[in-house]
>>> print(open('work_35.cif').read())   # mmCIF, C-alpha atoms and all ligand atoms
data_protein
loop_
_atom_site.label_atom_id
_atom_site.label_comp_id
_atom_site.auth_asym_id
_atom_site.auth_seq_id
_atom_site.Cartn_x
_atom_site.Cartn_y
_atom_site.Cartn_z
CA MET A 440 102.65 81.44 102.75
CA TYR A 441 105.92 83.34 102.87
CA LEU A 442 107.00 86.87 102.05
CA TYR A 443 107.78 86.69 98.34
CA ILE A 444 109.55 90.03 98.38
CA LEU A 445 112.06 89.11 101.11
CA VAL A 446 112.92 85.74 99.54
CA SER A 447 113.20 87.51 96.16
CA ILE A 448 115.64 90.10 97.53
CA ILE A 449 117.85 87.31 98.95
CA LEU A 450 117.74 85.44 95.62
CA THR A 451 118.55 88.66 93.72
CA LEU A 452 121.58 89.36 95.93
CA LEU A 453 122.84 85.78 95.52
CA PHE A 454 122.41 86.14 91.75
CA ALA A 455 123.99 89.62 91.57
CA PHE A 456 127.09 88.62 93.55
CA GLY A 457 127.32 85.02 92.30
CA CYS A 458 126.89 85.80 88.62
CA ASN A 459 128.56 89.23 88.68
CA ALA A 460 131.43 88.41 86.30
CA ALA A 461 129.27 86.25 84.01
CA LEU A 462 126.64 89.00 83.81
CA ARG A 463 129.24 91.57 82.76
CA LYS A 464 130.67 89.26 80.08
CA HIS A 465 127.54 87.54 78.75
CA ALA A 466 124.67 89.92 79.47
CA GLY A 467 122.91 88.88 76.23
CA SER A 468 122.65 85.25 77.39
CA PHE A 469 120.96 86.39 80.61
CA TYR A 470 118.47 88.51 78.65
CA ILE A 471 117.62 85.47 76.52
CA LEU A 472 117.21 83.38 79.70
CA ALA A 473 114.84 86.04 81.11
CA VAL A 474 112.74 85.91 77.91
CA LEU A 475 112.64 82.09 78.16
CA ILE A 476 111.45 82.39 81.78
CA ILE A 477 108.53 84.63 80.79
CA LEU A 478 107.63 82.28 77.92
CA PHE A 479 107.60 79.41 80.43
CA GLU A 480 105.39 81.45 82.81
CA VAL A 481 102.85 82.12 80.06
CA ILE A 482 102.84 78.47 78.90
CA TYR A 483 102.59 77.32 82.53
CA TYR A 484 99.35 79.22 83.08
CA GLN A 485 97.90 78.99 79.54
CA THR A 486 98.21 75.27 78.94
CA GLY A 487 96.99 73.98 82.30
CA LEU A 488 100.53 72.87 83.21
CA ARG A 489 99.96 74.67 86.51
CA ASP A 490 97.17 72.24 87.47
CA ALA A 491 99.35 69.22 86.68
CA ALA A 492 102.49 70.57 88.38
CA PRO A 493 103.28 69.95 92.06
CA GLU A 494 102.16 72.76 94.40
CA TRP A 495 105.72 73.48 95.60
CA LEU A 496 106.78 74.35 92.04
CA THR A 497 104.07 77.00 91.76
CA GLN A 498 104.55 78.29 95.31
CA TYR A 499 108.31 78.52 95.51
CA ILE A 500 109.59 78.77 91.93
CA VAL A 501 106.92 80.21 89.62
CA ASN A 502 105.07 82.53 92.01
CA PRO A 503 107.92 84.95 92.83
CA PHE A 504 108.30 85.59 89.06
CA LYS A 505 104.60 85.57 88.22
CA ARG A 506 103.57 87.84 91.10
CA GLY A 507 106.17 90.45 90.16
CA ALA A 508 108.11 90.09 93.42
CA LEU A 509 111.36 88.83 91.86
CA PRO A 510 111.65 91.54 89.18
CA THR A 511 110.68 94.13 91.83
CA ALA A 512 113.45 92.79 94.12
CA MET A 513 115.87 93.44 91.23
CA PHE A 514 114.57 97.02 90.90
CA ILE A 515 114.94 97.40 94.68
CA VAL A 516 118.60 96.27 94.54
CA VAL A 517 119.26 98.62 91.58
CA MET A 518 117.70 101.58 93.45
CA TYR A 519 119.51 100.84 96.72
CA ILE A 520 122.87 100.69 94.86
CA GLY A 521 122.24 104.32 93.86
CA ALA A 522 121.41 105.33 97.43
CA LEU A 523 124.36 103.66 99.18
CA ASP A 524 128.01 104.71 99.39
CA ALA A 525 129.61 103.78 96.04
CA LYS A 526 133.05 103.58 97.68
CA LYS A 527 132.06 100.41 99.57
CA THR A 528 133.43 97.34 97.73
CA SER A 529 130.14 95.42 97.73
CA VAL A 530 128.23 98.44 96.37
CA SER A 531 130.80 99.20 93.66
CA LYS A 532 130.75 95.53 92.63
CA LEU A 533 127.01 95.78 92.04
CA MET A 534 127.26 99.27 90.51
CA GLY A 535 128.96 97.71 87.45
CA ILE A 536 125.94 95.52 86.69
CA ARG A 537 123.19 98.05 87.47
CA GLY A 538 122.13 98.43 83.83
CA GLU A 539 122.11 94.67 83.18
CA LEU A 540 120.09 94.00 86.36
CA SER A 541 117.48 96.58 85.44
CA ILE A 542 117.13 95.20 81.90
CA ILE A 543 116.56 91.68 83.33
CA ALA A 544 114.07 93.13 85.86
CA CYS A 545 112.14 94.87 83.06
CA ILE A 546 112.00 91.69 80.92
CA LEU A 547 110.80 89.61 83.89
CA THR A 548 108.21 92.28 84.77
CA LEU A 549 106.70 91.74 81.32
CA GLY A 550 105.87 88.17 82.41
CA HIS A 551 103.91 89.52 85.41
CA ASN A 552 102.21 92.05 83.12
CA ILE A 553 101.16 89.37 80.62
CA VAL A 554 99.87 86.88 83.22
CA TYR A 555 97.84 89.44 85.24
CA GLY A 556 97.12 91.73 82.28
CA GLN A 557 95.20 88.95 80.52
CA LYS A 558 92.49 89.28 83.15
CA HIS A 559 92.78 92.84 84.44
CA PHE A 560 93.59 94.72 81.22
CA VAL A 561 90.89 92.79 79.36
CA ASN A 562 88.40 93.81 82.11
CA LEU A 563 89.71 97.40 82.09
CA PHE A 564 89.09 97.82 78.37
CA THR A 565 85.91 95.74 78.03
CA ASN A 566 84.09 95.86 81.36
CA PRO A 567 85.61 98.42 83.75
CA GLY A 568 82.35 98.84 85.69
CA GLU A 569 82.56 95.23 86.90
CA MET A 570 86.08 95.62 88.35
CA LYS A 571 86.78 95.97 92.06
CA PRO A 572 87.95 99.57 92.71
CA GLN A 573 91.41 98.40 93.80
CA ALA A 574 91.84 96.25 90.66
CA PHE A 575 90.68 99.19 88.49
CA ILE A 576 93.10 101.68 90.12
CA ALA A 577 95.97 99.16 90.11
CA ALA A 578 95.43 98.45 86.39
CA ILE A 579 95.46 102.20 85.55
CA ILE A 580 98.65 102.65 87.62
CA SER A 581 100.14 99.62 85.84
CA LEU A 582 99.57 101.28 82.46
CA VAL A 583 101.57 104.32 83.62
CA MET A 584 104.26 102.01 85.04
CA ILE A 585 104.61 100.15 81.76
CA ALA A 586 104.76 103.46 79.85
CA ILE A 587 107.66 104.55 82.08
CA MET A 588 109.39 101.16 82.23
CA LEU A 589 109.73 100.58 78.48
CA PRO A 590 111.83 103.71 77.72
CA LEU A 591 113.87 103.02 80.88
CA MET A 592 114.56 99.51 79.63
CA ILE A 593 115.41 100.47 76.04
CA THR A 594 117.80 103.23 77.14
CA SER A 595 119.55 100.89 79.58
CA PHE A 596 121.08 98.97 76.66
CA THR A 597 124.64 100.28 76.21
CA SER A 598 124.19 100.47 72.41
CA VAL A 599 121.19 102.84 72.83
CA ARG A 600 122.82 104.78 75.67
CA LYS A 601 125.91 105.49 73.53
CA LYS A 602 123.73 107.10 70.86
CA MET A 603 122.15 109.53 73.37
CA ARG A 604 123.49 112.79 74.80
CA ALA A 605 124.66 112.15 78.39
CA ALA A 606 122.33 114.84 79.79
CA SER A 607 119.24 113.49 77.94
CA TRP A 608 120.05 109.96 79.10
CA LYS A 609 120.40 111.09 82.72
CA ASN A 610 117.14 113.07 82.57
CA LEU A 611 115.26 110.09 81.19
CA GLN A 612 116.73 107.74 83.78
CA ARG A 613 115.36 110.04 86.51
CA LEU A 614 111.97 108.51 85.61
CA ALA A 615 113.16 105.55 87.69
CA TYR A 616 112.12 107.51 90.82
CA PRO A 617 108.41 107.94 89.94
CA PHE A 618 108.45 104.37 88.57
CA PHE A 619 109.75 103.06 91.87
CA ALA A 620 107.19 105.10 93.84
CA LEU A 621 104.40 103.75 91.60
CA ILE A 622 105.45 100.16 92.36
CA TYR A 623 104.86 100.89 96.05
CA ILE A 624 101.48 102.51 95.34
CA HIS A 625 100.50 99.59 93.04
CA VAL A 626 101.26 97.06 95.77
CA MET A 627 99.49 99.09 98.49
CA VAL A 628 96.37 99.58 96.36
CA LEU A 629 96.18 95.80 95.91
CA PHE A 630 97.24 94.70 99.40
CA VAL A 631 95.67 97.22 101.82
CA PRO A 632 92.11 96.00 101.07
CA LYS A 633 93.34 92.50 102.03
CA PHE A 634 95.03 93.84 105.20
CA SER A 635 94.38 90.85 107.48
CA GLU A 636 95.93 88.49 104.91
CA LYS A 637 98.69 90.78 103.60
CA TYR A 638 99.76 92.86 106.60
CA LEU A 639 103.25 91.33 106.75
CA ASP A 640 103.78 92.12 103.05
CA ILE A 641 102.53 95.68 103.69
CA ILE A 642 105.02 96.11 106.55
CA ALA A 643 107.89 94.62 104.50
CA TYR A 644 107.21 96.82 101.43
CA THR A 645 106.75 99.93 103.60
CA LEU A 646 110.07 99.35 105.39
CA ILE A 647 111.96 98.60 102.15
CA PHE A 648 110.62 101.64 100.28
CA GLY A 649 110.70 103.90 103.37
CA ILE A 650 114.36 103.11 104.19
CA TYR A 651 115.24 103.66 100.53
CA ALA A 652 113.58 107.11 100.56
CA VAL A 653 115.50 108.12 103.72
CA LEU A 654 118.85 106.89 102.31
CA ARG A 655 118.32 108.54 98.91
CA ILE A 656 117.24 111.89 100.36
CA THR A 657 120.18 111.86 102.82
CA LYS A 658 122.59 111.17 99.95
CA ALA A 659 121.05 113.94 97.81
CA VAL A 660 121.33 116.46 100.68
CA LYS A 661 124.99 115.48 101.29
CA THR A 662 125.82 115.79 97.58
CA ALA A 663 124.08 119.17 97.37
CA LYS A 664 126.06 120.41 100.42
CA ASN A 665 129.36 119.19 98.94
CA ASN A 666 128.62 120.91 95.63
CA SER A 667 127.33 124.12 97.18
CA PRO A 668 129.31 127.23 96.06
CA GLN A 669 129.00 128.68 99.58
CA LEU A 670 130.81 125.69 100.98
CA ASP A 671 133.48 125.95 98.27
CA TYR A 672 133.91 129.57 99.27
CA ALA A 673 134.08 128.71 102.95
CA GLU A 674 136.55 125.92 102.27
CA ASN A 675 138.75 128.16 100.10
CA ALA A 676 138.62 131.12 102.49
C1 LIG B 701 105.36 97.66 85.46
C2 LIG B 701 104.91 96.88 86.06
C3 LIG B 701 104.57 96.16 87.36
C4 LIG B 701 105.32 95.96 88.50
C5 LIG B 701 106.76 96.39 88.76
C6 LIG B 701 104.48 95.22 89.42
C7 LIG B 701 104.86 94.80 90.68
C8 LIG B 701 104.06 94.08 91.54
C9 LIG B 701 104.46 93.61 92.86
C10 LIG B 701 105.81 93.86 93.50
C11 LIG B 701 103.42 92.94 93.41
C12 LIG B 701 103.38 92.28 94.79
C13 LIG B 701 104.02 90.89 94.74
C14 LIG B 701 104.09 90.20 96.10
O1 LIG B 701 104.90 90.60 96.96
O2 LIG B 701 103.33 89.23 96.29
C15 LIG B 701 102.35 92.96 92.43
C16 LIG B 701 101.12 92.37 92.64
C17 LIG B 701 100.12 92.38 91.71
N1 LIG B 701 100.14 92.96 90.46
FE1 LIG B 701 101.68 93.98 89.64
N2 LIG B 701 103.25 95.00 88.82
C18 LIG B 701 103.27 95.57 87.56
C19 LIG B 701 102.26 95.54 86.63
C20 LIG B 701 101.05 94.90 86.79
C21 LIG B 701 100.04 94.78 85.78
C22 LIG B 701 100.18 95.29 84.35
C23 LIG B 701 98.99 94.14 86.34
C24 LIG B 701 97.67 93.80 85.74
C25 LIG B 701 97.01 94.60 84.97
C26 LIG B 701 99.35 93.81 87.71
C27 LIG B 701 98.55 93.14 88.60
C28 LIG B 701 98.93 92.72 89.86
C29 LIG B 701 98.08 91.97 90.77
C30 LIG B 701 96.66 91.51 90.51
C31 LIG B 701 98.83 91.74 91.93
C32 LIG B 701 98.37 91.04 93.21
C33 LIG B 701 98.84 89.62 93.23
C34 LIG B 701 98.45 88.97 94.55
O3 LIG B 701 97.29 89.07 94.94
O4 LIG B 701 99.31 88.40 95.17
N3 LIG B 701 100.63 94.29 87.95
N4 LIG B 701 102.76 93.66 91.32
#
>>> encode(input="work_35.cif", output="structure tokens", more="lines below")
Ligand code: HEM
Amino acid sequence: MYLYILVSIILTLLFAFGCNAALRKHAGSFYILAVLIILFEVIYYQTGLRDAAPEWLTQYIVNPFKRGALPTAMFIVVMYIGALDAKKTSVSKLMGIRGELSIIACILTLGHNIVYGQKHFVNLFTNPGEMKPQAFIAAIISLVMIAIMLPLMITSFTSVRKKMRAASWKNLQRLAYPFFALIYIHVMVLFVPKFSEKYLDIIAYTLIFGIYAVLRITKAVKTAKNNSPQLDYAENA
């Protein structure tokens, strides 16, 4: 067992820096690759390929995608870019591919939704009384997450963004904050009941989301201070 989320963040950073230029130039090819990955995931679990495949393939390659850790790591990187100082070279390098990264994250999340949804959504709509409380709550939260994620994904495409008023686009993109918070709640609802098995994951997710919240709030307070009319007055006096 290893912490899928930490390995996924490292892989995401390697991808984001290593494929930065390619991602800017050929974003469409990466979207197609992401769709192929989710098709592979579905085939892998539907056709019994998983039983025939070596354990390492499932553990180290397929699981981070299937469990939702890899797409979540991409969302984490996208959110952190917005909370860090954009003047830093490494941050500004990633800033240019924020939209592309979030589109890939959304596509890959669909793979996680399909694989787990086949069991949990089917139970939710046919036999909710038989579900464990945590699975029931997590499935309801997932429905809200999907409802938020789809408009976020569609409006991240430059062609759609260009057709929208800047203010409406910005307002809609603010949904990323509740979406991000719901990811944390989704994971906690599923992992806290398995505390003895998942406590390291719980600590890792709590640190990642907690540090993000502190950084984002600090940045918002700084921006508000810099834009405050009182300060302008004081500075001009
Ligand atoms: C918008 C969508 C979603 C996101 C971003 C998301 C994200 C995550 C993440 C980050 C984990 C923990 C992965 C790990 O570190 O091991 C997870 C676990 C899980 N998710 Fe989701 N999820 C989403 C939707 C869904 C849906 C639709 C379902 C099913 C209805 C679902 C069912 C599960 C289950 C059962 C687990 C626990 C897996 C385990 O025991 O390791 N998720 N999800």
>>> atom_distance(input="work_35.cif", atom1="atom CA of Phe564 of chain A", atom2="atom CA of Ile576 of chain A")
13.0 Å
>>> closest_residue(input="work_35.cif", among="A:Thr565, A:Ser581, A:Gln573, A:Thr528", to="ligand LIG 701 (chain B)", atoms="all atoms listed in the file")
A:Ser581
>>> residues_around(input="work_35.cif", residues="Phe454 of chain A", least_positions_apart="5", cutoff="10 Å", atoms="all atoms listed in the file", output="list in words")
Ile448, Ile449, Asn459, Leu462, Met513 and Leu540 of chain A
>>> residues_near_ligand(input="work_35.cif", ligand="ligand LIG 701 (chain B)", cutoff="6 Å", atoms="only C-alpha atoms and all ligand atoms", output="number ranges by chain")
A: 443-444, 506-508, 511, 548, 552, 555-556, 559-560, 578, 581, 584-585, 622, 626, 629
>>> residues_around(input="work_35.cif", residues="Leu611 of chain A", least_positions_apart="4", cutoff="9 Å", atoms="only C-alpha atoms", output="compact mmCIF listing (two decimals) with C-alpha atoms, keeping the file's coordinate frame")
# COMPACT_ATOMS: atom_id res chain seq x y z
CA PRO A 590 111.83 103.71 77.72
CA LEU A 591 113.87 103.02 80.88
CA THR A 594 117.80 103.23 77.14
CA ALA A 606 122.33 114.84 79.79
CA SER A 607 119.24 113.49 77.94
CA ALA A 615 113.16 105.55 87.69
>>> atom_distance(input="work_35.cif", atom1="atom CA of Asp524 of chain A", atom2="atom CA of Ile542 of chain A")
22.7 Å
>>> atom_distance(input="work_35.cif", atom1="atom CA of Leu533 of chain A", atom2="atom CA of Val517 of chain A")
8.3 Å
>>> closest_residue(input="work_35.cif", among="A:Phe514, A:Phe479, A:Tyr638, A:Trp495", to="Ala455 of chain A", atoms="all atoms listed in the file")
A:Phe514
>>> closest_residue(input="work_35.cif", among="A:Ile580, A:Met588, A:Cys545, A:Leu450", to="His625 of chain A", atoms="all atoms listed in the file")
A:Ile580
>>> residues_around(input="work_35.cif", residues="Gln485 of chain A", least_positions_apart="3", cutoff="12 Å", atoms="only C-alpha atoms", output="ChimeraX atom specification")
/A:478-482,488-490,553-555,557
>>> residues_near_point(input="work_35.cif", point="(112.5, 99.8, 101.1)", cutoff="12 Å", atoms="all atoms listed in the file", output="ChimeraX atom specification")
/A:444-445,448,511-512,514-519,522,619-620,622-623,640-655
>>> write_last_selection(input="work_35.cif", atoms="C-alpha atoms", output="PDB file, in the frame of the given file")
ATOM      1  CA  ILE A 444     109.550  90.030  98.380  1.00  0.00           C
ATOM      2  CA  LEU A 445     112.060  89.110 101.110  1.00  0.00           C
ATOM      3  CA  ILE A 448     115.640  90.100  97.530  1.00  0.00           C
ATOM      4  CA  THR A 511     110.680  94.130  91.830  1.00  0.00           C
ATOM      5  CA  ALA A 512     113.450  92.790  94.120  1.00  0.00           C
ATOM      6  CA  PHE A 514     114.570  97.020  90.900  1.00  0.00           C
ATOM      7  CA  ILE A 515     114.940  97.400  94.680  1.00  0.00           C
ATOM      8  CA  VAL A 516     118.600  96.270  94.540  1.00  0.00           C
ATOM      9  CA  VAL A 517     119.260  98.620  91.580  1.00  0.00           C
ATOM     10  CA  MET A 518     117.700 101.580  93.450  1.00  0.00           C
ATOM     11  CA  TYR A 519     119.510 100.840  96.720  1.00  0.00           C
ATOM     12  CA  ALA A 522     121.410 105.330  97.430  1.00  0.00           C
ATOM     13  CA  PHE A 619     109.750 103.060  91.870  1.00  0.00           C
ATOM     14  CA  ALA A 620     107.190 105.100  93.840  1.00  0.00           C
ATOM     15  CA  ILE A 622     105.450 100.160  92.360  1.00  0.00           C
ATOM     16  CA  TYR A 623     104.860 100.890  96.050  1.00  0.00           C
ATOM     17  CA  ASP A 640     103.780  92.120 103.050  1.00  0.00           C
ATOM     18  CA  ILE A 641     102.530  95.680 103.690  1.00  0.00           C
ATOM     19  CA  ILE A 642     105.020  96.110 106.550  1.00  0.00           C
ATOM     20  CA  ALA A 643     107.890  94.620 104.500  1.00  0.00           C
ATOM     21  CA  TYR A 644     107.210  96.820 101.430  1.00  0.00           C
ATOM     22  CA  THR A 645     106.750  99.930 103.600  1.00  0.00           C
ATOM     23  CA  LEU A 646     110.070  99.350 105.390  1.00  0.00           C
ATOM     24  CA  ILE A 647     111.960  98.600 102.150  1.00  0.00           C
ATOM     25  CA  PHE A 648     110.620 101.640 100.280  1.00  0.00           C
ATOM     26  CA  GLY A 649     110.700 103.900 103.370  1.00  0.00           C
ATOM     27  CA  ILE A 650     114.360 103.110 104.190  1.00  0.00           C
ATOM     28  CA  TYR A 651     115.240 103.660 100.530  1.00  0.00           C
ATOM     29  CA  ALA A 652     113.580 107.110 100.560  1.00  0.00           C
ATOM     30  CA  VAL A 653     115.500 108.120 103.720  1.00  0.00           C
ATOM     31  CA  LEU A 654     118.850 106.890 102.310  1.00  0.00           C
ATOM     32  CA  ARG A 655     118.320 108.540  98.910  1.00  0.00           C
TER      33      ARG A 655
END
>>> closest_residue(input="work_35.cif", among="A:Val474, A:Ile536, A:Val628, A:Ile546", to="Phe575 of chain A", atoms="only C-alpha atoms")
A:Val628
>>> residues_near_point(input="work_35.cif", point="(107.3, 85.1, 86.2)", cutoff="8 Å", atoms="only C-alpha atoms", output="number ranges by chain")
A: 476-477, 480, 501-507, 509, 547-548, 550-551
>>> write_last_selection(input="work_35.cif", atoms="C-alpha atoms", output="PDB file, in the frame of the given file")
ATOM      1  CA  ILE A 476     111.450  82.390  81.780  1.00  0.00           C
ATOM      2  CA  ILE A 477     108.530  84.630  80.790  1.00  0.00           C
ATOM      3  CA  GLU A 480     105.390  81.450  82.810  1.00  0.00           C
ATOM      4  CA  VAL A 501     106.920  80.210  89.620  1.00  0.00           C
ATOM      5  CA  ASN A 502     105.070  82.530  92.010  1.00  0.00           C
ATOM      6  CA  PRO A 503     107.920  84.950  92.830  1.00  0.00           C
ATOM      7  CA  PHE A 504     108.300  85.590  89.060  1.00  0.00           C
ATOM      8  CA  LYS A 505     104.600  85.570  88.220  1.00  0.00           C
ATOM      9  CA  ARG A 506     103.570  87.840  91.100  1.00  0.00           C
ATOM     10  CA  GLY A 507     106.170  90.450  90.160  1.00  0.00           C
ATOM     11  CA  LEU A 509     111.360  88.830  91.860  1.00  0.00           C
ATOM     12  CA  LEU A 547     110.800  89.610  83.890  1.00  0.00           C
ATOM     13  CA  THR A 548     108.210  92.280  84.770  1.00  0.00           C
ATOM     14  CA  GLY A 550     105.870  88.170  82.410  1.00  0.00           C
ATOM     15  CA  HIS A 551     103.910  89.520  85.410  1.00  0.00           C
TER      16      HIS A 551
END
>>> axis_aligned_box(input="work_35.cif", around="segment 558-568 of chain A", padding_each_side="4 Å", output="AutoDock Vina command-line options")
--center_x 88.0 --center_y 94.1 --center_z 81.9 --size_x 19.2 --size_y 17.6 --size_z 15.7
>>> closest_residue(input="work_35.cif", among="A:Ser635, A:Ala574, A:Glu539, A:Gln612", to="Ala461 of chain A", atoms="only C-alpha atoms")
A:Glu539
>>> residues_around(input="work_35.cif", residues="Met534 of chain A", least_positions_apart="6", cutoff="8 Å", atoms="all atoms listed in the file", output="list in words")
Ile520, Gly521 and Ala525 of chain A
>>> build_atoms(input="work_35.cif", residues="segment 636-645 of chain A", atoms="all heavy atoms", output="PDB file, in the frame of the given file")
ATOM      1  N   GLU A 636      95.168  89.562 105.563  1.00  0.00           N
ATOM      2  CA  GLU A 636      95.930  88.490 104.910  1.00  0.00           C
ATOM      3  C   GLU A 636      97.334  88.967 104.529  1.00  0.00           C
ATOM      4  O   GLU A 636      98.281  88.197 104.524  1.00  0.00           O
ATOM      5  CB  GLU A 636      95.128  88.099 103.650  1.00  0.00           C
ATOM      6  CG  GLU A 636      95.627  86.952 102.847  1.00  0.00           C
ATOM      7  CD  GLU A 636      94.946  86.962 101.474  1.00  0.00           C
ATOM      8  OE1 GLU A 636      93.763  87.404 101.372  1.00  0.00           O
ATOM      9  OE2 GLU A 636      95.586  86.544 100.506  1.00  0.00           O
ATOM     10  N   LYS A 637      97.451  90.276 104.216  1.00  0.00           N
ATOM     11  CA  LYS A 637      98.690  90.780 103.600  1.00  0.00           C
ATOM     12  C   LYS A 637      99.469  91.743 104.490  1.00  0.00           C
ATOM     13  O   LYS A 637     100.356  92.428 103.993  1.00  0.00           O
ATOM     14  CB  LYS A 637      98.339  91.506 102.278  1.00  0.00           C
ATOM     15  CG  LYS A 637      97.742  90.625 101.196  1.00  0.00           C
ATOM     16  CD  LYS A 637      98.800  89.756 100.545  1.00  0.00           C
ATOM     17  CE  LYS A 637      98.262  89.039  99.330  1.00  0.00           C
ATOM     18  NZ  LYS A 637      99.237  88.111  98.753  1.00  0.00           N
ATOM     19  N   TYR A 638      99.133  91.808 105.806  1.00  0.00           N
ATOM     20  CA  TYR A 638      99.760  92.860 106.600  1.00  0.00           C
ATOM     21  C   TYR A 638     101.282  92.735 106.703  1.00  0.00           C
ATOM     22  O   TYR A 638     102.001  93.729 106.737  1.00  0.00           O
ATOM     23  CB  TYR A 638      99.096  92.979 107.997  1.00  0.00           C
ATOM     24  CG  TYR A 638      99.352  91.813 108.917  1.00  0.00           C
ATOM     25  CD1 TYR A 638     100.363  91.863 109.866  1.00  0.00           C
ATOM     26  CD2 TYR A 638      98.588  90.658 108.816  1.00  0.00           C
ATOM     27  CE1 TYR A 638     100.604  90.783 110.705  1.00  0.00           C
ATOM     28  CE2 TYR A 638      98.830  89.577 109.642  1.00  0.00           C
ATOM     29  CZ  TYR A 638      99.837  89.638 110.575  1.00  0.00           C
ATOM     30  OH  TYR A 638     100.084  88.573 111.389  1.00  0.00           O
ATOM     31  N   LEU A 639     101.800  91.488 106.666  1.00  0.00           N
ATOM     32  CA  LEU A 639     103.250  91.330 106.750  1.00  0.00           C
ATOM     33  C   LEU A 639     103.917  91.850 105.468  1.00  0.00           C
ATOM     34  O   LEU A 639     104.968  92.483 105.506  1.00  0.00           O
ATOM     35  CB  LEU A 639     103.622  89.873 106.978  1.00  0.00           C
ATOM     36  CG  LEU A 639     103.410  89.365 108.409  1.00  0.00           C
ATOM     37  CD1 LEU A 639     103.782  87.884 108.519  1.00  0.00           C
ATOM     38  CD2 LEU A 639     104.230  90.181 109.414  1.00  0.00           C
ATOM     39  N   ASP A 640     103.260  91.589 104.314  1.00  0.00           N
ATOM     40  CA  ASP A 640     103.780  92.120 103.050  1.00  0.00           C
ATOM     41  C   ASP A 640     103.763  93.655 103.091  1.00  0.00           C
ATOM     42  O   ASP A 640     104.712  94.309 102.660  1.00  0.00           O
ATOM     43  CB  ASP A 640     102.911  91.667 101.865  1.00  0.00           C
ATOM     44  CG  ASP A 640     102.980  90.171 101.651  1.00  0.00           C
ATOM     45  OD1 ASP A 640     102.221  89.442 102.340  1.00  0.00           O
ATOM     46  OD2 ASP A 640     103.788  89.720 100.823  1.00  0.00           O
ATOM     47  N   ILE A 641     102.670  94.209 103.632  1.00  0.00           N
ATOM     48  CA  ILE A 641     102.530  95.680 103.690  1.00  0.00           C
ATOM     49  C   ILE A 641     103.668  96.270 104.535  1.00  0.00           C
ATOM     50  O   ILE A 641     104.316  97.234 104.132  1.00  0.00           O
ATOM     51  CB  ILE A 641     101.145  96.065 104.259  1.00  0.00           C
ATOM     52  CG1 ILE A 641     100.060  95.638 103.275  1.00  0.00           C
ATOM     53  CG2 ILE A 641     101.059  97.568 104.555  1.00  0.00           C
ATOM     54  CD1 ILE A 641      98.636  95.799 103.785  1.00  0.00           C
ATOM     55  N   ILE A 642     103.937  95.620 105.689  1.00  0.00           N
ATOM     56  CA  ILE A 642     105.020  96.110 106.550  1.00  0.00           C
ATOM     57  C   ILE A 642     106.363  96.001 105.817  1.00  0.00           C
ATOM     58  O   ILE A 642     107.165  96.932 105.796  1.00  0.00           O
ATOM     59  CB  ILE A 642     105.057  95.325 107.892  1.00  0.00           C
ATOM     60  CG1 ILE A 642     103.781  95.594 108.693  1.00  0.00           C
ATOM     61  CG2 ILE A 642     106.295  95.681 108.713  1.00  0.00           C
ATOM     62  CD1 ILE A 642     103.601  94.706 109.923  1.00  0.00           C
ATOM     63  N   ALA A 643     106.600  94.835 105.177  1.00  0.00           N
ATOM     64  CA  ALA A 643     107.890  94.620 104.500  1.00  0.00           C
ATOM     65  C   ALA A 643     108.088  95.659 103.393  1.00  0.00           C
ATOM     66  O   ALA A 643     109.141  96.315 103.327  1.00  0.00           O
ATOM     67  CB  ALA A 643     107.943  93.206 103.930  1.00  0.00           C
ATOM     68  N   TYR A 644     107.070  95.860 102.531  1.00  0.00           N
ATOM     69  CA  TYR A 644     107.210  96.820 101.430  1.00  0.00           C
ATOM     70  C   TYR A 644     107.396  98.238 101.978  1.00  0.00           C
ATOM     71  O   TYR A 644     108.189  99.022 101.453  1.00  0.00           O
ATOM     72  CB  TYR A 644     105.984  96.786 100.501  1.00  0.00           C
ATOM     73  CG  TYR A 644     106.071  95.686  99.453  1.00  0.00           C
ATOM     74  CD1 TYR A 644     105.377  94.492  99.599  1.00  0.00           C
ATOM     75  CD2 TYR A 644     106.860  95.838  98.316  1.00  0.00           C
ATOM     76  CE1 TYR A 644     105.453  93.482  98.642  1.00  0.00           C
ATOM     77  CE2 TYR A 644     106.946  94.834  97.354  1.00  0.00           C
ATOM     78  CZ  TYR A 644     106.242  93.659  97.525  1.00  0.00           C
ATOM     79  OH  TYR A 644     106.331  92.672  96.570  1.00  0.00           O
ATOM     80  N   THR A 645     106.662  98.572 103.064  1.00  0.00           N
ATOM     81  CA  THR A 645     106.750  99.930 103.600  1.00  0.00           C
ATOM     82  C   THR A 645     108.146 100.184 104.167  1.00  0.00           C
ATOM     83  O   THR A 645     108.734 101.255 103.942  1.00  0.00           O
ATOM     84  CB  THR A 645     105.664 100.150 104.683  1.00  0.00           C
ATOM     85  OG1 THR A 645     104.405  99.884 104.076  1.00  0.00           O
ATOM     86  CG2 THR A 645     105.672 101.567 105.223  1.00  0.00           C
TER      87      THR A 645
END
